[in-house]
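Asker: The structure's right below; bear with me while I get my questions together.
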Amino acid sequence: MTMRDMPGTSASLGPIEMVREGMTVVDSAGEKVGTVEAMKMGDPGAATEAGNENQDTGFLGDLAEAIGGDEREPDVPGPLRASLQRSGYIKVDGGFLFGTDRYVAADEIASVSGDTVRLRVPKDRLPKES
């Protein structure tokens, strides 16, 4: 059974289903945002962060988080995280030097053509990785 065969799902998920890692991402003004690092299809049932809470990993886990940070994706504040999990998102790698990783909600993708993802919004409206 495919997603298209499941009750309550649409025949098409939209442009996000054509996105692949490594594609170039440009904003609504045509400015390069970066390249697709990862993507996740949406889960309309993800109304909250339930199941995505930090687990108690003890002293070593606390030490690892203090050094490396919280690695849950998407790496944004809680309410925005839940929203991105519901809608689906792509994570955009902003580049090695001075680049900032950003998140694009599925409904902010205008089109996908060739190796390019075009957005409906300008780069500065995209949430940055925490």
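Letters A, B, ... go to the chains of the structure tokens in the order shown; residues in each chain start at 1; ligands are counted from 1 in the same order.
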Dump as a tab-separated table the rows for residues of stretch 73-114 of chain A within 10 Å of stretch 17-31 of chain A: closest atom pair and distance in Å with one decimal, only C-alpha atoms counted, ordered by chain and rising residue number.
Answerer:
```
residue	atom	partner	partner_atom	distance
A:Gly88	CA	A:Glu17	CA	10.0
A:Ile90	CA	A:Val19	CA	8.3
A:Lys91	CA	A:Glu21	CA	9.3
A:Val92	CA	A:Val25	CA	7.4
A:Asp93	CA	A:Gly22	CA	9.2
A:Gly94	CA	A:Val25	CA	9.6
A:Val104	CA	A:Val25	CA	9.8
A:Ala106	CA	A:Glu17	CA	9.3
A:Glu108	CA	A:Asp27	CA	9.6
A:Ile109	CA	A:Asp27	CA	9.1
A:Ala110	CA	A:Ser28	CA	8.5
A:Ser111	CA	A:Met18	CA	9.1
A:Val112	CA	A:Met18	CA	6.6
A:Ser113	CA	A:Met18	CA	8.7
A:Gly114	CA	A:Met23	CA	8.6
```
Asker: What is the distance, in Å and to one decimal place, between atom CA of A:Arg102 and atom CA of A:Pro44?
Answerer: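 About the pair atom CA of A:Arg102 and atom CA of A:Pro44: they are 21.5 Å apart.
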Asker: Could you check how far atom CA of A:Leu84 sits from atom CA of A:Met39, in Å to one decimal?
Answerer: 10.8 Å
Asker: Quick one, how far is atom CA of A:Arg81 from atom CA of A:Arg125?
Answerer: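 Those two atoms sit 15.6 Å apart.
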Asker: So which one's closest to A:Lys128, A:Asp115, A:Asp107, A:Asp101, A:Glu73? Using only C-alpha atoms, please.
Answerer: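 That would be A:Asp101, the residue with the smallest distance to A:Lys128.
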Asker: For the strand (DSSP E or B) assignment from backbone DSSP, which residues of stretch 72-105 of chain A qualify? Please present them as an MDAnalysis selection string.
Answerer: chainID A and resid 88:93 102:105
Asker: Identify, on the basis of only C-alpha atoms, every residue whose closest approach to A:Ser130 does not exceed 9 Å; exclude the query and any residue fewer than 3 positions from it along the same chain; express the result as an NGL selection string.
Answerer: :A and (75-77 or 101 or 127)
Asker: Write a file of the just-selected residues containing N, CA, C and O atoms, as a compact mmCIF listing (two decimals), in the first residue's frame.
Answerer:
```
# COMPACT_ATOMS: atom_id res chain seq x y z
N ASP A 75 15.99 21.53 14.29
CA ASP A 75 16.66 22.17 15.42
C ASP A 75 16.21 23.63 15.54
O ASP A 75 16.93 24.56 15.21
N VAL A 76 14.95 23.80 15.96
CA VAL A 76 14.33 25.10 16.15
C VAL A 76 13.50 25.04 17.43
O VAL A 76 13.26 23.95 17.95
N PRO A 77 13.03 26.18 17.96
CA PRO A 77 12.20 26.16 19.18
C PRO A 77 10.96 25.28 19.02
O PRO A 77 10.43 25.10 17.92
N ASP A 101 22.44 27.15 8.38
CA ASP A 101 21.43 26.19 7.96
C ASP A 101 20.06 26.77 8.26
O ASP A 101 19.86 27.44 9.28
N PRO A 127 13.41 30.16 8.96
CA PRO A 127 13.99 30.00 10.30
C PRO A 127 15.38 29.39 10.23
O PRO A 127 15.64 28.49 9.44
```
Asker: With distances taken over only C-alpha atoms, which residue among A:Ala105, A:Leu97, A:Ala38, A:Ala82 lies nearest A:Leu119?
Answerer: A:Ala105
